[in-house]
file upload16.cif (mmCIF, C-alpha atoms and all ligand atoms)
data_data
#
loop_
_atom_site.label_atom_id
_atom_site.label_comp_id
_atom_site.auth_asym_id
_atom_site.auth_seq_id
_atom_site.Cartn_x
_atom_site.Cartn_y
_atom_site.Cartn_z
CA MET R 246 -18.63 18.33 11.06
CA ASP R 247 -16.36 18.97 8.10
CA ASP R 248 -17.42 20.51 4.86
CA VAL R 249 -17.59 17.63 2.45
CA PRO R 250 -16.40 18.15 -1.11
CA ARG R 251 -19.01 16.39 -3.24
CA ASN R 252 -16.82 16.02 -6.27
CA ILE R 253 -14.14 13.87 -4.85
CA VAL R 254 -10.68 14.27 -6.19
CA GLN R 255 -10.04 11.75 -8.88
CA ALA R 256 -9.33 14.10 -11.69
CA GLU R 257 -6.77 11.84 -13.28
CA SER R 258 -9.33 9.01 -13.54
CA GLU R 259 -10.56 10.55 -16.78
CA ALA R 260 -7.25 9.63 -18.31
CA VAL R 261 -7.44 5.98 -17.27
CA ILE R 262 -7.95 3.71 -20.22
CA MET R 263 -10.78 1.27 -19.59
CA SER R 264 -8.66 -1.82 -20.01
CA ASP R 265 -6.46 -0.58 -17.18
CA VAL R 266 -9.40 -0.65 -14.81
CA LYS R 267 -9.72 -3.82 -12.81
CA ILE R 268 -12.45 -2.81 -10.38
CA GLN R 269 -14.79 0.10 -10.84
CA VAL R 270 -16.90 1.34 -7.96
CA ASP R 271 -19.78 3.26 -9.47
CA LYS R 272 -21.75 5.53 -7.10
CA VAL R 273 -22.09 2.89 -4.42
CA TYR R 274 -24.26 3.39 -1.35
CA LYS R 275 -24.61 0.90 1.45
CA ILE R 276 -27.24 1.36 4.12
CA PHE R 277 -27.59 -1.00 7.07
CA GLY R 278 -31.08 -1.13 8.57
CA ASN R 279 -34.73 -1.58 7.75
CA ARG R 280 -35.46 1.61 5.86
CA PRO R 281 -32.79 1.83 3.18
CA ALA R 282 -35.00 3.74 0.73
CA ASP R 283 -35.77 6.44 3.28
CA ALA R 284 -32.14 6.60 4.29
CA LEU R 285 -31.05 6.96 0.66
CA ALA R 286 -33.53 9.78 0.16
CA GLU R 287 -32.19 11.54 3.25
CA LEU R 288 -28.62 11.13 2.02
CA LYS R 289 -29.46 12.44 -1.41
CA ALA R 290 -31.10 15.44 0.24
CA GLY R 291 -27.77 16.10 1.94
CA ALA R 292 -28.23 14.57 5.39
CA ARG R 293 -25.11 13.39 7.25
CA LYS R 294 -24.56 9.94 8.74
CA ALA R 295 -25.67 11.00 12.24
CA GLU R 296 -28.82 12.67 10.94
CA VAL R 297 -29.75 9.64 8.85
CA LEU R 298 -29.42 7.44 11.90
CA GLN R 299 -31.56 9.77 13.94
CA LYS R 300 -34.30 10.09 11.31
CA THR R 301 -34.45 6.55 9.92
CA GLY R 302 -32.62 4.34 12.39
CA CYS R 303 -30.33 3.25 9.54
CA ILE R 304 -26.55 3.20 9.59
CA VAL R 305 -24.78 4.67 6.58
CA GLY R 306 -22.02 2.23 5.66
CA LEU R 307 -21.01 3.89 2.38
CA ARG R 308 -22.14 7.02 0.64
CA ASP R 309 -21.80 7.70 -3.07
CA ILE R 310 -18.44 5.97 -3.46
CA ASP R 311 -17.02 6.43 -6.94
CA PHE R 312 -13.52 5.47 -8.02
CA SER R 313 -11.63 2.77 -9.86
CA ILE R 314 -8.74 0.48 -9.11
CA ARG R 315 -6.19 -0.20 -11.80
CA ARG R 316 -4.92 -3.57 -12.82
CA GLY R 317 -1.60 -4.28 -11.13
CA GLU R 318 -1.68 -1.52 -8.55
CA THR R 319 -1.58 -1.71 -4.79
CA PHE R 320 -4.56 0.33 -3.76
CA VAL R 321 -4.82 1.20 -0.09
CA ILE R 322 -8.09 2.06 1.60
CA MET R 323 -7.64 3.88 4.85
CA GLY R 324 -9.72 5.55 7.47
CA LEU R 325 -10.51 5.36 11.15
CA SER R 326 -12.44 2.50 12.67
CA GLY R 327 -16.06 2.55 11.48
CA SER R 328 -15.30 4.63 8.39
CA GLY R 329 -16.54 1.87 6.06
CA LYS R 330 -13.31 0.16 4.93
CA SER R 331 -14.44 -3.42 5.52
CA THR R 332 -17.88 -2.67 4.14
CA LEU R 333 -16.28 -1.38 0.95
CA ILE R 334 -13.80 -4.20 0.41
CA ARG R 335 -16.51 -6.84 0.98
CA HIS R 336 -18.41 -5.41 -1.97
CA PHE R 337 -15.65 -6.46 -4.33
CA ASN R 338 -16.51 -10.16 -4.09
CA ARG R 339 -20.15 -9.49 -3.24
CA LEU R 340 -19.93 -10.65 0.37
CA ILE R 341 -21.92 -7.41 0.79
CA GLU R 342 -24.33 -6.13 -1.83
CA PRO R 343 -24.74 -2.42 -2.51
CA THR R 344 -27.97 -0.63 -1.62
CA ALA R 345 -27.43 1.45 -4.74
CA GLY R 346 -24.71 1.70 -7.38
CA ARG R 347 -22.59 -0.87 -9.17
CA ILE R 348 -19.33 -2.77 -8.72
CA LEU R 349 -17.70 -3.75 -12.00
CA VAL R 350 -14.91 -6.30 -12.12
CA ASP R 351 -13.24 -6.40 -15.54
CA GLY R 352 -16.11 -4.28 -16.78
CA ARG R 353 -18.75 -6.73 -15.58
CA ASN R 354 -21.37 -5.73 -13.00
CA ILE R 355 -21.00 -8.40 -10.35
CA MET R 356 -24.66 -7.99 -9.35
CA ASP R 357 -25.54 -9.47 -12.75
CA MET R 358 -23.55 -12.63 -12.09
CA ASN R 359 -25.39 -15.88 -11.47
CA ALA R 360 -24.43 -18.22 -8.63
CA LYS R 361 -21.97 -20.14 -10.78
CA GLU R 362 -20.19 -17.05 -12.07
CA LEU R 363 -20.02 -15.61 -8.58
CA LEU R 364 -18.49 -18.80 -7.24
CA ALA R 365 -15.92 -18.68 -10.02
CA LEU R 366 -15.12 -15.08 -9.17
CA ARG R 367 -14.58 -15.96 -5.51
CA ARG R 368 -12.54 -19.07 -6.21
CA HIS R 369 -10.44 -17.90 -9.12
CA GLY R 370 -10.70 -14.16 -9.51
CA ILE R 371 -10.46 -12.57 -6.09
CA SER R 372 -8.89 -13.98 -3.00
CA MET R 373 -8.82 -12.68 0.52
CA VAL R 374 -6.26 -12.44 3.34
CA PHE R 375 -7.82 -11.97 6.76
CA GLN R 376 -6.59 -10.03 9.76
CA ARG R 377 -6.85 -13.00 12.11
CA PHE R 378 -5.23 -15.28 9.53
CA GLY R 379 -8.30 -17.57 9.34
CA LEU R 380 -6.21 -20.76 9.21
CA LEU R 381 -7.71 -24.17 9.91
CA PRO R 382 -6.04 -25.22 13.20
CA HIS R 383 -6.08 -28.98 12.60
CA GLN R 384 -4.58 -28.82 9.15
CA THR R 385 -0.94 -28.43 8.31
CA VAL R 386 0.56 -25.33 6.77
CA LEU R 387 0.58 -27.08 3.39
CA GLU R 388 -3.06 -28.24 3.66
CA ASN R 389 -4.08 -24.72 4.60
CA THR R 390 -2.16 -23.35 1.66
CA ILE R 391 -3.67 -25.62 -0.95
CA CYS R 392 -7.32 -25.45 0.07
CA GLY R 393 -7.96 -22.89 -2.69
CA PRO R 394 -6.57 -24.95 -5.57
CA ILE R 395 -8.26 -28.11 -4.22
CA LEU R 396 -11.63 -26.28 -4.23
CA GLN R 397 -10.87 -25.15 -7.77
CA GLY R 398 -10.59 -28.80 -8.78
CA VAL R 399 -6.82 -28.77 -9.32
CA SER R 400 -5.34 -32.26 -8.89
CA ARG R 401 -3.75 -32.91 -5.52
CA ARG R 402 -0.35 -33.31 -7.08
CA ASP R 403 -0.52 -29.98 -8.87
CA ALA R 404 -2.02 -28.30 -5.83
CA VAL R 405 0.86 -29.50 -3.67
CA ALA R 406 3.40 -28.27 -6.21
CA LEU R 407 1.66 -24.93 -6.36
CA GLY R 408 1.39 -24.72 -2.58
CA MET R 409 5.09 -25.50 -2.08
CA GLU R 410 5.96 -22.79 -4.57
CA GLN R 411 3.92 -20.18 -2.69
CA LEU R 412 5.32 -21.27 0.69
CA GLU R 413 8.79 -20.79 -0.67
CA LEU R 414 7.81 -17.36 -2.01
CA VAL R 415 6.69 -16.22 1.45
CA GLY R 416 9.78 -17.69 3.12
CA LEU R 417 8.14 -20.72 4.75
CA LYS R 418 9.92 -23.52 2.97
CA GLY R 419 10.48 -26.30 5.49
CA PHE R 420 7.45 -25.42 7.57
CA GLU R 421 4.86 -27.15 5.39
CA ASN R 422 4.13 -29.95 7.84
CA ARG R 423 3.77 -27.75 10.91
CA PHE R 424 0.43 -26.77 12.37
CA PRO R 425 -0.64 -23.13 12.64
CA SER R 426 -0.37 -23.10 16.44
CA GLN R 427 3.34 -23.96 16.13
CA LEU R 428 3.99 -20.75 14.21
CA SER R 429 4.37 -17.14 15.30
CA GLY R 430 1.75 -14.58 14.27
CA GLY R 431 3.91 -13.27 11.47
CA MET R 432 4.46 -16.77 10.10
CA GLN R 433 0.77 -17.56 10.33
CA GLN R 434 0.03 -14.48 8.28
CA ARG R 435 2.60 -15.63 5.73
CA VAL R 436 0.58 -18.83 5.43
CA GLY R 437 -2.52 -16.68 4.94
CA LEU R 438 -0.72 -14.86 2.14
CA ALA R 439 0.58 -18.09 0.56
CA ARG R 440 -2.94 -19.50 0.66
CA ALA R 441 -4.32 -16.45 -1.13
CA LEU R 442 -1.52 -16.58 -3.71
CA ALA R 443 -2.08 -20.30 -4.32
CA THR R 444 -5.48 -19.55 -5.82
CA GLN R 445 -3.59 -17.64 -8.51
CA ALA R 446 -6.30 -14.99 -8.30
CA GLU R 447 -5.45 -11.71 -9.94
CA VAL R 448 -6.94 -9.70 -7.09
CA LEU R 449 -5.91 -9.92 -3.45
CA LEU R 450 -8.10 -8.33 -0.80
CA MET R 451 -6.24 -7.69 2.43
CA ASP R 452 -8.39 -6.32 5.23
CA GLU R 453 -6.08 -5.07 8.01
CA ALA R 454 -3.96 -8.10 7.22
CA PHE R 455 -0.92 -6.83 9.14
CA SER R 456 -2.66 -4.79 11.82
CA ALA R 457 -2.45 -7.50 14.47
CA LEU R 458 1.30 -8.00 14.07
CA ASP R 459 4.10 -6.51 16.16
CA PRO R 460 5.66 -3.43 14.55
CA LEU R 461 8.90 -5.12 13.47
CA ILE R 462 7.15 -8.17 12.04
CA LYS R 463 4.65 -5.88 10.39
CA SER R 464 7.39 -3.95 8.71
CA ASP R 465 8.99 -7.23 7.48
CA MET R 466 5.67 -8.35 6.08
CA GLN R 467 5.23 -5.03 4.29
CA ASP R 468 8.64 -5.37 2.66
CA GLN R 469 7.92 -8.93 1.68
CA LEU R 470 4.57 -7.99 0.20
CA LYS R 471 6.29 -5.31 -1.84
CA ASP R 472 8.83 -7.84 -3.14
CA ILE R 473 6.13 -10.32 -4.03
CA GLN R 474 4.06 -7.63 -5.71
CA ALA R 475 7.06 -6.47 -7.74
CA ARG R 476 7.30 -10.00 -9.11
CA LEU R 477 3.66 -11.02 -9.46
CA LYS R 478 1.95 -7.69 -10.27
CA LYS R 479 -1.36 -8.59 -8.68
CA THR R 480 -4.08 -6.08 -8.08
CA ILE R 481 -3.91 -5.65 -4.31
CA ILE R 482 -6.52 -3.88 -2.28
CA PHE R 483 -5.07 -3.32 1.13
CA ILE R 484 -6.97 -1.91 4.08
CA THR R 485 -5.22 -0.26 6.95
CA HIS R 486 -5.79 2.45 9.51
CA ASP R 487 -2.04 3.06 9.69
CA LEU R 488 -0.94 5.96 7.51
CA ASP R 489 2.72 4.96 7.52
CA GLU R 490 1.72 1.54 6.23
CA ALA R 491 -0.51 3.13 3.58
CA LEU R 492 2.31 5.37 2.37
CA HIS R 493 4.78 2.52 2.34
CA LEU R 494 2.61 0.10 0.36
CA GLY R 495 0.14 2.08 -1.68
CA ASP R 496 0.53 3.14 -5.28
CA ARG R 497 -2.62 5.08 -4.52
CA ILE R 498 -4.53 5.66 -1.33
CA ALA R 499 -8.22 6.31 -0.72
CA ILE R 500 -9.27 8.05 2.47
CA LEU R 501 -12.69 7.27 3.91
CA LYS R 502 -14.53 9.11 6.63
CA ASP R 503 -18.01 8.20 7.87
CA GLY R 504 -18.62 6.15 4.72
CA GLU R 505 -17.55 8.97 2.42
CA LEU R 506 -14.55 9.09 0.13
CA ARG R 507 -12.54 12.20 0.90
CA GLN R 508 -9.59 11.74 -1.44
CA VAL R 509 -8.00 9.29 -3.81
CA GLY R 510 -4.41 9.93 -4.76
CA THR R 511 -0.79 8.93 -4.58
CA GLY R 512 0.92 9.17 -1.20
CA GLU R 513 2.54 12.37 -2.33
CA GLU R 514 -0.79 13.90 -3.33
CA ILE R 515 -2.39 12.89 -0.06
CA LEU R 516 0.52 14.30 1.95
CA PHE R 517 1.18 17.47 0.06
CA ARG R 518 -2.12 18.26 -1.63
CA PRO R 519 -4.78 17.12 0.84
CA ALA R 520 -8.27 17.54 -0.66
CA ASP R 521 -9.82 18.96 2.48
CA ASP R 522 -9.31 19.83 6.13
CA TYR R 523 -10.05 16.32 7.25
CA VAL R 524 -7.34 14.76 5.10
CA GLU R 525 -4.95 17.49 6.10
CA ARG R 526 -5.49 16.82 9.79
CA PHE R 527 -5.26 13.12 9.11
CA VAL R 528 -1.83 13.39 7.50
CA ARG R 529 -0.41 16.19 9.61
CA LYS R 530 1.00 13.76 12.12
CA VAL R 531 3.06 12.01 9.49
CA ASP R 532 6.72 12.10 10.20
CA LEU R 533 8.16 13.51 6.98
CA SER R 534 11.53 11.99 7.67
CA ARG R 535 9.87 8.60 7.39
CA ALA R 536 7.69 9.49 4.43
CA MET R 537 10.55 10.80 2.29
CA TYR R 538 13.29 8.68 0.87
CA ALA R 539 16.95 9.15 0.14
CA TYR R 540 16.27 9.11 -3.61
CA GLU R 541 14.21 12.29 -3.22
CA ALA R 542 17.16 14.13 -1.75
CA PHE R 543 20.45 12.76 -3.05
CA GLU R 544 22.43 13.88 -6.06
CA LYS R 545 23.85 11.58 -8.67
CA VAL R 546 27.55 12.06 -9.26
CA PRO R 547 29.93 10.61 -11.84
CA VAL R 548 31.46 7.26 -11.00
CA LEU R 549 35.05 6.57 -12.12
CA THR R 550 37.27 3.56 -11.76
CA GLU R 551 40.64 4.02 -9.98
CA ALA R 552 42.37 4.07 -13.36
CA GLU R 553 40.05 6.71 -14.77
CA ALA R 554 40.32 8.96 -11.74
CA THR R 555 43.36 10.98 -12.71
CA VAL R 556 43.86 14.30 -10.94
CA GLU R 557 42.97 16.27 -14.10
CA ARG R 558 39.83 14.30 -14.85
CA SER R 559 38.64 14.36 -11.24
CA ALA R 560 39.25 18.08 -10.96
CA ALA R 561 37.37 18.75 -14.19
CA LEU R 562 34.37 16.71 -13.06
CA LEU R 563 34.39 18.35 -9.64
CA CYS R 564 33.86 21.71 -11.31
CA GLN R 565 30.60 20.42 -12.72
CA HIS R 566 29.37 18.12 -9.97
CA ARG R 567 29.12 18.03 -6.21
CA GLY R 568 31.29 14.98 -6.04
CA VAL R 569 32.91 12.09 -7.85
CA ILE R 570 32.81 8.50 -6.73
CA VAL R 571 35.95 6.51 -7.30
CA SER R 572 34.98 2.90 -7.28
CA ASN R 573 37.43 0.05 -7.20
CA GLY R 574 34.51 -2.32 -6.68
CA VAL R 575 35.19 -2.85 -2.99
CA ALA R 576 35.30 0.35 -0.97
CA PRO R 577 34.23 3.32 -3.06
CA ARG R 578 35.81 6.69 -2.22
CA LEU R 579 34.19 10.03 -2.64
CA LEU R 580 35.95 13.15 -3.84
CA SER R 581 33.72 16.03 -2.99
CA ARG R 582 33.48 19.76 -3.02
CA GLY R 583 32.49 21.31 0.28
CA VAL R 584 33.16 18.19 2.30
CA SER R 585 36.38 18.26 4.26
CA ALA R 586 38.75 15.35 3.78
CA GLU R 587 38.29 14.08 7.36
CA ALA R 588 34.55 14.07 6.90
CA LEU R 589 34.47 11.92 3.78
CA PRO R 590 31.84 9.25 3.92
CA THR R 591 32.42 5.68 4.81
CA ALA R 592 28.76 4.93 5.24
CA SER R 593 26.33 4.28 2.43
CA VAL R 594 22.57 3.79 2.16
CA GLU R 595 20.31 2.40 -0.52
CA ALA R 596 18.28 5.03 -2.34
CA GLY R 597 15.03 3.51 -1.06
CA VAL R 598 15.63 4.10 2.67
CA ALA R 599 13.73 6.76 4.54
CA ILE R 600 15.59 10.02 5.06
CA GLY R 601 15.10 9.65 8.80
CA GLN R 602 17.27 6.54 8.71
CA CYS R 603 20.10 8.55 7.17
CA PHE R 604 20.21 11.07 10.03
CA PRO R 605 22.31 8.98 12.43
CA LEU R 606 24.86 8.47 9.63
CA LEU R 607 24.76 12.14 8.68
CA ALA R 608 25.33 13.05 12.31
CA ALA R 609 28.66 11.26 12.09
CA ALA R 610 29.69 12.39 8.59
CA ASP R 611 28.98 15.42 6.44
CA ALA R 612 27.98 13.18 3.58
CA ILE R 613 27.15 9.57 2.81
CA LEU R 614 27.18 7.56 -0.36
CA VAL R 615 23.90 6.49 -1.90
CA THR R 616 23.70 3.17 -3.70
CA GLU R 617 21.12 1.93 -6.18
CA SER R 618 20.82 -1.84 -6.40
CA GLY R 619 24.03 -1.99 -4.42
CA LYS R 620 26.04 0.23 -6.80
CA PRO R 621 27.22 3.61 -5.53
CA THR R 622 25.68 6.29 -7.72
CA GLY R 623 25.38 9.43 -5.67
CA ILE R 624 25.93 11.46 -2.58
CA LEU R 625 23.66 12.64 0.20
CA THR R 626 24.90 15.53 2.31
CA ARG R 627 23.32 16.93 5.46
CA GLU R 628 22.37 19.97 3.48
CA MET R 629 20.60 17.93 0.81
CA ALA R 630 18.63 15.98 3.40
CA PHE R 631 17.52 19.11 5.24
CA LYS R 632 16.65 20.92 2.04
CA ALA R 633 14.46 18.05 0.85
CA LEU R 634 12.58 18.06 4.15
CA ALA R 635 12.24 21.82 4.03
CA ARG R 636 10.87 21.67 0.48
CA SER R 637 8.18 19.22 1.59
CA ALA R 638 7.32 21.15 4.71
CA ARG R 639 6.91 24.27 2.56
CA ALA R 640 4.72 22.50 0.01
CA ASP R 641 2.70 21.18 2.94
CA ARG R 642 2.12 24.67 4.38
CA MET R 643 1.17 26.21 1.06
CA SER R 644 -1.42 23.64 0.03
N1 LIG T 701 -23.75 -5.68 9.39
C1 LIG T 701 -23.83 -4.42 9.83
N2 LIG T 701 -24.97 -3.96 10.38
C2 LIG T 701 -25.07 -2.67 10.80
N3 LIG T 701 -24.08 -1.77 10.72
C3 LIG T 701 -22.93 -2.18 10.18
C4 LIG T 701 -22.73 -3.52 9.70
N4 LIG T 701 -21.48 -3.62 9.23
C5 LIG T 701 -20.91 -2.41 9.39
N5 LIG T 701 -21.78 -1.55 9.95
C6 LIG T 701 -21.55 -0.14 10.25
O1 LIG T 701 -21.04 0.46 9.07
C7 LIG T 701 -20.01 1.38 9.38
C8 LIG T 701 -18.71 0.96 8.71
O2 LIG T 701 -18.23 -0.23 9.31
P1 LIG T 701 -16.93 -1.00 8.79
O3 LIG T 701 -17.01 -1.11 7.32
O4 LIG T 701 -16.82 -2.26 9.57
O5 LIG T 701 -15.79 0.03 9.18
P2 LIG T 701 -14.20 -0.16 9.24
O6 LIG T 701 -13.85 -1.45 8.56
O7 LIG T 701 -13.67 1.05 8.53
O8 LIG T 701 -13.81 -0.13 10.68
C9 LIG T 701 -19.92 1.44 10.90
O9 LIG T 701 -20.73 2.50 11.34
C10 LIG T 701 -20.50 0.09 11.31
O10 LIG T 701 -21.06 0.16 12.58
MG MG T 702 -12.81 -3.12 9.29
#
call {"tool": "encode", "arguments": {"input": "upload16.cif", "output": "structure tokens", "more": "lines below"}}
Ligand SMILES: Nc1ncnc2c1ncn2[C@@H]1O[C@H](COP(=O)(O)OP(=O)(O)O)[C@@H](O)[C@H]1O
Ligand SMILES: [Mg+2]
result
Amino acid sequence: MDDVPRNIVQAESEAVIMSDVKIQVDKVYKIFGNRPADALAELKAGARKAEVLQKTGCIVGLRDIDFSIRRGETFVIMGLSGSGKSTLIRHFNRLIEPTAGRILVDGRNIMDMNAKELLALRRHGISMVFQRFGLLPHQTVLENTICGPILQGVSRRDAVALGMEQLELVGLKGFENRFPSQLSGGMQQRVGLARALATQAEVLLMDEAFSALDPLIKSDMQDQLKDIQARLKKTIIFITHDLDEALHLGDRIAILKDGELRQVGTGEEILFRPADDYVERFVRKVDLSRAMYAYEAFEKVPVLTEAEATVERSAALLCQHRGVIVSNGVAPRLLSRGVSAEALPTASVEAGVAIGQCFPLLAAADAILVTESGKPTGILTREMAFKALARSARADRMS
């Protein structure tokens, strides 16, 4: 059994302004079983999950969970199977009620809500995307998509307009009259996402929403979710047991073990400043080359047009910088120190790609161009890529 830090890392939470908090989880305990009071007393006396089960027959779902989720962030909850992820996320719309503690949504304790307010919260405020899609098999894609707005009392005409808009957003325009069984798993999950978006809820709960999909489809869905989030700025609570997925999607990540919160932090904090041995072991298997991106390693260099790139000007800039990009708008050239003329780059990558994806290109050339929003802005050499990985590996060892 690991030593559990009782004061879980959320130091920066002090700095969070209240209005930035969308959901606050305040010292929440969840006990399953017939003797919750006894189990709580055991927990407060320091007993572990296994001991509590042995002494009281109760299962500890969550133990003293305390953190908040900011408006507009993608907050990932991760942990192994049985760690309490689903139990936690179901508290946010009160599908599960806490044994002790409070859940505040927009500052309001949801346990104080009456039936009408709770219904409004579930219909308008928080919407859910399920792992097994949860689509109605005998209804079309469009009908499935608009069931939220229809329940909200939106007119059919407006609901259809809204539904079509969301289907377009998730790339399913033209499929609105199909039935779920006619779609692939990935497409069905897009319908699930469109349906959740059609409620126009500010909060999306996604419990292992992509876990059942094939790796390639899963990765597409992740990218699409990121695009949608960049546009809509929802508050997304995303559960996964896949660390790569968590790092890819999460602004912040919470790590649960046996119903306890071990760390809340950015991907970088989780990777390079793990709060305890458990988190460290959890993240050790991460492939750094996939968790680091070209923008963390490349260097920006001046960009000149053909006309500007006189010999004198280029030479002067090359004294100050590693390289100069000469861009005629079509095929940018690189003038670079320390890169032989034959080895000048023809390949380029966007700054957001994982460093690992640059390796095949760097095996064929000493350097590649890095583009931001399609415009060449910098250079990535083999040396830069290796140094960035080495820096991370060092930070990892020292923490
Ligand atoms: N309704 C329930 N009754 C009893 N135990 C439950 C119930 N729901 C969850 N649990 C237990 O609570 C713990 C957390 O479960 P869960 O939240 O489903 O984990 P996860 O989603 O991380 O896999 C597990 O030990 C599980 O067996
Ligand atoms: Mg679960």
call {"tool": "residues_around", "arguments": {"input": "upload16.cif", "residues": "R:Val350", "least_positions_apart": "2", "cutoff": "6 Å", "atoms": "all atoms listed in the file", "output": "mmCIF file with C-alpha atoms, in the frame of the given file"}}
result
data_model
loop_
_atom_site.group_PDB
_atom_site.id
_atom_site.type_symbol
_atom_site.label_atom_id
_atom_site.label_comp_id
_atom_site.auth_asym_id
_atom_site.auth_seq_id
_atom_site.Cartn_x
_atom_site.Cartn_y
_atom_site.Cartn_z
ATOM 1 C CA LYS R 267 -9.720 -3.820 -12.810
ATOM 2 C CA ILE R 268 -12.450 -2.810 -10.380
ATOM 3 C CA GLY R 352 -16.110 -4.280 -16.780
ATOM 4 C CA ARG R 353 -18.750 -6.730 -15.580
#
call {"tool": "axis_aligned_box", "arguments": {"input": "upload16.cif", "around": "stretch 377-395 of chain R", "padding_each_side": "6 Å", "output": "AutoDock Vina command-line options"}}
result
--center_x -3.9 --center_y -21.0 --center_z 3.8 --size_x 20.9 --size_y 28.0 --size_z 30.8
call {"tool": "residues_around", "arguments": {"input": "upload16.cif", "residues": "R:Leu414", "least_positions_apart": "5", "cutoff": "10 Å", "atoms": "only C-alpha atoms", "output": "list in words"}}
result
Gly408, Met409, Arg435, Leu438, Ala439, Leu442, Gln469, Asp472 and Ile473 of chain R
call {"tool": "residues_near_ligand", "arguments": {"input": "upload16.cif", "ligand": "ligand LIG 701 (chain T)", "cutoff": "7 Å", "atoms": "only C-alpha atoms and all ligand atoms", "output": "PDB file with C-alpha atoms, in the frame of the given file"}}
result
ATOM      1  CA  PHE R 277     -27.590  -1.000   7.070  1.00  0.00           C
ATOM      2  CA  GLY R 278     -31.080  -1.130   8.570  1.00  0.00           C
ATOM      3  CA  ILE R 304     -26.550   3.200   9.590  1.00  0.00           C
ATOM      4  CA  VAL R 305     -24.780   4.670   6.580  1.00  0.00           C
ATOM      5  CA  GLY R 306     -22.020   2.230   5.660  1.00  0.00           C
ATOM      6  CA  GLY R 324      -9.720   5.550   7.470  1.00  0.00           C
ATOM      7  CA  LEU R 325     -10.510   5.360  11.150  1.00  0.00           C
ATOM      8  CA  SER R 326     -12.440   2.500  12.670  1.00  0.00           C
ATOM      9  CA  GLY R 327     -16.060   2.550  11.480  1.00  0.00           C
ATOM     10  CA  SER R 328     -15.300   4.630   8.390  1.00  0.00           C
ATOM     11  CA  GLY R 329     -16.540   1.870   6.060  1.00  0.00           C
ATOM     12  CA  LYS R 330     -13.310   0.160   4.930  1.00  0.00           C
ATOM     13  CA  SER R 331     -14.440  -3.420   5.520  1.00  0.00           C
ATOM     14  CA  THR R 332     -17.880  -2.670   4.140  1.00  0.00           C
ATOM     15  CA  LEU R 333     -16.280  -1.380   0.950  1.00  0.00           C
ATOM     16  CA  GLY R 504     -18.620   6.150   4.720  1.00  0.00           C
TER      17      GLY R 504
END
call {"tool": "residues_near_point", "arguments": {"input": "upload16.cif", "point": "(-2.1, -0.3, -5.1)", "cutoff": "8 Å", "atoms": "only C-alpha atoms", "output": "PyMOL selection string"}}
result
chain R and resi 314-315+317-321+480-483+494-498
call {"tool": "write_last_selection", "arguments": {"input": "upload16.cif", "atoms": "C-alpha atoms", "output": "PDB file, keeping the file's coordinate frame"}}
result
ATOM      1  CA  ILE R 314      -8.740   0.480  -9.110  1.00  0.00           C
ATOM      2  CA  ARG R 315      -6.190  -0.200 -11.800  1.00  0.00           C
ATOM      3  CA  GLY R 317      -1.600  -4.280 -11.130  1.00  0.00           C
ATOM      4  CA  GLU R 318      -1.680  -1.520  -8.550  1.00  0.00           C
ATOM      5  CA  THR R 319      -1.580  -1.710  -4.790  1.00  0.00           C
ATOM      6  CA  PHE R 320      -4.560   0.330  -3.760  1.00  0.00           C
ATOM      7  CA  VAL R 321      -4.820   1.200  -0.090  1.00  0.00           C
ATOM      8  CA  THR R 480      -4.080  -6.080  -8.080  1.00  0.00           C
ATOM      9  CA  ILE R 481      -3.910  -5.650  -4.310  1.00  0.00           C
ATOM     10  CA  ILE R 482      -6.520  -3.880  -2.280  1.00  0.00           C
ATOM     11  CA  PHE R 483      -5.070  -3.320   1.130  1.00  0.00           C
ATOM     12  CA  LEU R 494       2.610   0.100   0.360  1.00  0.00           C
ATOM     13  CA  GLY R 495       0.140   2.080  -1.680  1.00  0.00           C
ATOM     14  CA  ASP R 496       0.530   3.140  -5.280  1.00  0.00           C
ATOM     15  CA  ARG R 497      -2.620   5.080  -4.520  1.00  0.00           C
ATOM     16  CA  ILE R 498      -4.530   5.660  -1.330  1.00  0.00           C
TER      17      ILE R 498
END
call {"tool": "residues_around", "arguments": {"input": "upload16.cif", "residues": "stretch 455-465 of chain R", "least_positions_apart": "6", "cutoff": "9 Å", "atoms": "all atoms listed in the file", "output": "PyMOL selection string"}}
result
chain R and resi 375-377+430-431+434+485-487+490
call {"tool": "residues_around", "arguments": {"input": "upload16.cif", "residues": "R:Cys564", "least_positions_apart": "6", "cutoff": "12 Å", "atoms": "only C-alpha atoms", "output": "PyMOL selection string"}}
result
chain R and resi 546-547+557-558+580-583
call {"tool": "residues_near_point", "arguments": {"input": "upload16.cif", "point": "(33.9, 4.3, -2.0)", "cutoff": "10 Å", "atoms": "all atoms listed in the file", "output": "PyMOL selection string"}}
result
chain R and resi 548+569-580+589-593+613-614+621
call {"tool": "closest_residue", "arguments": {"input": "upload16.cif", "among": "R:Ile322, R:Leu449, R:Leu506, R:Leu625", "to": "ligand MG 702 (chain T)", "atoms": "all atoms listed in the file"}}
result
R:Ile322
call {"tool": "closest_residue", "arguments": {"input": "upload16.cif", "among": "R:Asp532, R:Asp503, R:Asp452, R:Glu551", "to": "ligand MG 702 (chain T)", "atoms": "all atoms listed in the file"}}
result
R:Asp452
call {"tool": "residues_around", "arguments": {"input": "upload16.cif", "residues": "stretch 355-366 of chain R", "least_positions_apart": "4", "cutoff": "8 Å", "atoms": "all atoms listed in the file", "output": "CSV table (one decimal) with C-alpha atoms, in the coordinates of the input"}}
result
chain,number,residue,atom,x,y,z
R,338,ASN,CA,-16.5,-10.2,-4.1
R,339,ARG,CA,-20.2,-9.5,-3.2
R,342,GLU,CA,-24.3,-6.1,-1.8
R,347,ARG,CA,-22.6,-0.9,-9.2
R,348,ILE,CA,-19.3,-2.8,-8.7
R,349,LEU,CA,-17.7,-3.8,-12.0
R,350,VAL,CA,-14.9,-6.3,-12.1
R,370,GLY,CA,-10.7,-14.2,-9.5
R,371,ILE,CA,-10.5,-12.6,-6.1
